[in-house]
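Single-structure report; data block below.
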Amino acid sequence: MGKPGIQSVISDSNIENNHPTADAPFGRTLIELAKENDKIVGLSADLAKYTDIHVFRDAYPDRFYNVGMSEQLLMCAAGGLAKEGFIPFATTYASFIARRCYDFISQAICEHNSNVKIIGGLPGLQSGYGPSHQATDDLAILGAMPNLMIIDPCDAVEVAQATRAMAEYDGPVYMRLLRGNRVPMVLDRYDYKFELGKAKVLREGNDALMISTGLMTMRCLDAAEILEQDNIHVAVLHVPTIKPLDQETILNEVKKSGRLVITAENHTIVGGLGSLVASLLMDEKVSCDLKKIALPDQYLAAGTLEALQDTYGVSTKAIIRQVRDWVK
Amino acid sequence: MKKEELIEKAFEVRKNVLKMAQIDKKGFIAQGVGAADFLTVLYFYAMKYRPEDPKWEGRDRFLLSAGHNAIAVYAAMAEAGIIPKEELDTYGLDNSRLPMSSMPAYTPGIEISGGSIGLGLPIAVGMALGLKKKGSDARVYVMMGDGELAEGPVWEAAMSAGSYKLNNIIALVDVNGIQADGKTSTVLDTEPLTDKFKAFNFYVQRIDGNSISALMTAIDNAKASAEEKPSVILCDTVPGKGIPFLIGDPKSHFISLNDEGWVRAYQELERGEN
Ligand SMILES: Cc1ncc(C[n+]2csc(CCOP(=O)(O)OP(=O)(O)O)c2C)c(N)n1
Ligand SMILES: [Mg+2]
C-alpha cells in the first residue's frame, strides 16, 4: 500500500514561488509587544500550536490562557479580559471564528468596541481538509459586523507590522493569519509599510489594475512579473485593510486611466473585496471594465492545496491564465 | 463475532491505520490505533448495518463527531466491507473518496461532516428524536474525543438527550488524554467525566477502551439497560496502542515519522507487543 512520491493533503507546505520565508511572524511580534506592554495577554482554543501563539505562550506562560476547544467561550473570555483593561489576542481557525462565534463576537466584543484582537488561521483556501477548515466566507460574514476592523495581510512582513499596528489601535480587530515556520516574505522588496486602513500601490502598469488583498497580492505580484515578459503591464494595488476600506485610494487608481480592473482575493466571490469594490464604483458613478478573481460560491473540495488553488482559479498560474485571456 | 475474532479484527484495523499513514508517515496515527478496539467492537459486535447498502433505513447510525479521526473509521469500514480495502490507498489524495476529514458527500457510511468538532451529539439528538417518532428501533452511536468535550454544544445536546430520555443514543468518548495542544489534563481539565455525564442524566460506564471484553460488556449493558436514559461509554484508551515507541509521544496529536520510523512502527505492531 501507499504510493511514494505522491502528494497528499498533509504534505502541503505554504512555501510558494520560492520566496524567502520567516518563522511565526505573528507569535514573534506578539512577544516583542508583550515586552513593551504588560496589558497584552494571549488566548487560544486548543490551537495555540497551529496559530503561532505557542511561542508567546512559552515566553509568557502566565499571560496565556488555553480555554480548550471552546471557541465561543474564547470570544467571550477575551471580551471579559478587555473589560478588565487587558489587550487580549485570541486565536483559532478563521472558519470557526466567522461561523461558530458570530453572535459571541458581536455581543461580547464589537457592540462595546472592546479592545480584542481576533486572529484567524487558515483563511480562504489554505486547507485541504474540506469546507469545515476552509474559511472562504469570513470576510463576508465578519464584514457585516459594525466596529470590527478587518485585515488580510499579504506576507510575513505585513503580518508582523499589522500585529504591531493593531496592538496600538484601541478597538476590535480581526486579522487573517499566515502561520507556520515558512511564511513567505515578499513586501520587503517593495519599500512597503503597513498602515491601518490604507491601500497602497506596489507596482505600476498600464494594461490592467489588480486590486488585491491577502496572499493574493503576493500571487498578483508574481503573476505581474511573468506577464511583463508577454508585454502585459499590470499594476498592483494592495488592500490589506478590508474594513474600513480605503475608498479614496481605490477610486483614484481606478479613475487614472481606462485600465481593466481586476479584483483578487482568497475568498468567495460573495461579499468580499470584489463585491466591496464593485459597489463602491457604482456608488461613486465610476465606470470601468471589472473582473473578479475569487473562489466560487460553493463548498470547496478536499484535496491537495496546489491542485485546489489551481482548480478554483486562485493560484499564480491561474491568475496569469485569466489575465492573459482578459487583456488580449 | 466472538472475543478472539474481535481481537484479531482490531489488529487488522490497526494495520490499516498504519498503512494509510504510509504516504505521509504522519497524521492522526496515535488516535487511530488507540480507537481501533472500540471501533472494531462497534462494527463487528454492536451495530446492525448492511455493508452493501449503507443507507439502509434500519441501520444503526454511526456519527463520527471529530472528523480528523476518519483514518480509524475508514480502517474499520474497510474491514466491514463498506468500502473496498484497496481504496484505503487513496486516503487524503486528490479525488479520493476518503478525505482526511470525514464528510458524507465523499464516503459511503459516513453520516455527518466532522471537521468542525462538537456537532455529533447535537445532531444525534435530532436523529434520535426522529427515529423514535418513526417508531424505529435503530440506535445512534456517536464517537467523540475528550478534547471535544470542551465544546459548549456537546453539553447543550447532553442536557436535551437526558431531558428527552433518548435511550436510543449510545455515545462513546475516546478518553485518550490528548488533544491538539498537548495532554488534555494540561490544556483544559475535563474531569470528572463520570460525574458530569451522570449529572446530565446519562447512563454512564467508564471502561478500559482497549479491552475487547470490557467493550463487549459495556455495549451489552447499554443495550440491556432498563433505564430511560441516553448512554455514554467513557473509553480510556492509550494513544499509540500496539506501537510501544509511539506511546507517550508528546506530539501524539499529529505524529511525524520518517521512513525508518514508519517501518519500525509497522514491525512493532506486527510483533504484537504492548
Ligand atoms: C470546532 C473545532 N475547533 C478546533 C478544531 C481543530 N482541532 C482538530 S482536532 C483537535 C483536537 C481534538 O482533540 P480530541 O477531541 O481529544 O480528539 P483526539 O485527536 O484526541 O482523538 C482540534 C482542536 C476543530 N477541528 N474544530
Ligand atoms: Mg483526545
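Residue numbering restarts at 1 in every chain; chains get A, B, ... in the order shown in the C-alpha cells, and ligands count up from 1 in that same order.
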Protein and nucleic residues near ligand 1, 8 Å, only C-alpha atoms and all ligand atoms, as an MDAnalysis selection string: (chainID A and resid 45:47 68:71 92:93 96 100 132:133) or (chainID B and resid 28 31:32 66:69 114:118 144:149 151 174:181 184 253)
Spatial neighbours of Lys9 (chain B), max dist 12 Å, only C-alpha atoms, sep filter under 2 positions, as a PyMOL selection string: chain B and resi 1-7+11-16+36-45+75-80+212
Test item: residues at most 9 Å from region 207-210 of chain A, only C-alpha atoms, excluding those fewer than 5 positions along its chain, as JSON, numbers by chain: {"A": [217, 220, 232, 233, 234, 235, 236, 237, 238, 253, 254, 258, 259, 260, 261, 262, 263, 264, 323, 327]}
Generate a file of the selected residues that holds N, CA, C and O atoms, formatted as a compact mmCIF listing (two decimals), in the first residue's frame.
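File produced: result_32.txt:
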# COMPACT_ATOMS: atom_id res chain seq x y z
N THR A 217 -2.17 39.14 -3.06
CA THR A 217 -1.27 40.21 -3.52
C THR A 217 0.08 39.62 -3.90
O THR A 217 0.66 39.99 -4.93
N CYS A 220 -0.41 38.01 -7.17
CA CYS A 220 -0.57 39.00 -8.24
C CYS A 220 0.77 39.61 -8.61
O CYS A 220 1.05 39.84 -9.80
N ILE A 232 2.54 42.42 -21.09
CA ILE A 232 1.31 42.83 -20.41
C ILE A 232 1.72 43.51 -19.11
O ILE A 232 2.38 42.90 -18.27
N HIS A 233 1.35 44.78 -18.98
CA HIS A 233 1.84 45.57 -17.85
C HIS A 233 0.74 45.75 -16.82
O HIS A 233 -0.26 46.41 -17.08
N VAL A 234 0.95 45.13 -15.69
CA VAL A 234 -0.11 45.07 -14.68
C VAL A 234 0.29 45.84 -13.44
O VAL A 234 1.36 45.61 -12.87
N ALA A 235 -0.58 46.75 -13.01
CA ALA A 235 -0.36 47.44 -11.74
C ALA A 235 -0.99 46.62 -10.62
O ALA A 235 -1.98 45.91 -10.84
N VAL A 236 -0.41 46.72 -9.43
CA VAL A 236 -0.99 46.01 -8.28
C VAL A 236 -1.26 47.00 -7.15
O VAL A 236 -0.33 47.65 -6.65
N LEU A 237 -2.52 47.11 -6.77
CA LEU A 237 -2.92 47.92 -5.61
C LEU A 237 -3.28 46.96 -4.49
O LEU A 237 -4.23 46.19 -4.59
N HIS A 238 -2.52 47.01 -3.42
CA HIS A 238 -2.70 46.09 -2.30
C HIS A 238 -3.63 46.71 -1.26
O HIS A 238 -3.42 47.83 -0.80
N GLU A 253 -7.10 55.30 -8.14
CA GLU A 253 -6.38 54.39 -9.05
C GLU A 253 -7.28 53.96 -10.21
O GLU A 253 -6.84 53.88 -11.35
N VAL A 254 -8.53 53.68 -9.91
CA VAL A 254 -9.43 53.23 -10.97
C VAL A 254 -9.66 54.35 -11.99
O VAL A 254 -9.72 54.12 -13.19
N GLY A 258 -8.02 54.13 -18.52
CA GLY A 258 -9.04 53.16 -18.90
C GLY A 258 -8.60 51.72 -18.70
O GLY A 258 -8.96 50.85 -19.48
N ARG A 259 -7.80 51.48 -17.67
CA ARG A 259 -7.30 50.12 -17.46
C ARG A 259 -8.41 49.16 -17.07
O ARG A 259 -9.38 49.53 -16.41
N LEU A 260 -8.23 47.92 -17.48
CA LEU A 260 -9.10 46.86 -16.96
C LEU A 260 -8.84 46.73 -15.47
O LEU A 260 -7.69 46.72 -15.04
N VAL A 261 -9.90 46.64 -14.68
CA VAL A 261 -9.74 46.48 -13.24
C VAL A 261 -10.04 45.04 -12.86
O VAL A 261 -11.06 44.47 -13.27
N ILE A 262 -9.13 44.45 -12.09
CA ILE A 262 -9.31 43.04 -11.68
C ILE A 262 -9.15 42.97 -10.17
O ILE A 262 -8.11 43.36 -9.63
N THR A 263 -10.17 42.50 -9.48
CA THR A 263 -10.01 42.28 -8.04
C THR A 263 -9.55 40.85 -7.81
O THR A 263 -9.89 39.95 -8.58
N ALA A 264 -8.77 40.64 -6.75
CA ALA A 264 -8.27 39.29 -6.46
C ALA A 264 -8.27 39.05 -4.96
O ALA A 264 -7.72 39.86 -4.20
N VAL A 323 -5.63 36.61 -16.59
CA VAL A 323 -5.29 37.97 -17.02
C VAL A 323 -4.95 37.97 -18.52
O VAL A 323 -5.36 38.86 -19.25
N VAL A 327 -6.88 40.43 -21.05
CA VAL A 327 -6.20 41.61 -21.60
C VAL A 327 -6.06 41.53 -23.11
O VAL A 327 -6.10 42.52 -23.81
Residues of chain B within 7 Å of chain A, counting only C-alpha atoms, as a ChimeraX atom specification: /B:19-20,22-24,89,92-95,99-101,115-116,147-148,150-152,180-181,187-188
DSSP strand (DSSP E) residues within region 226-281 of chain A, as JSON, numbers by chain: {"A": [234, 235, 236, 237, 238, 241, 242, 243, 260, 261, 262, 263, 264, 265, 266, 267, 268]}
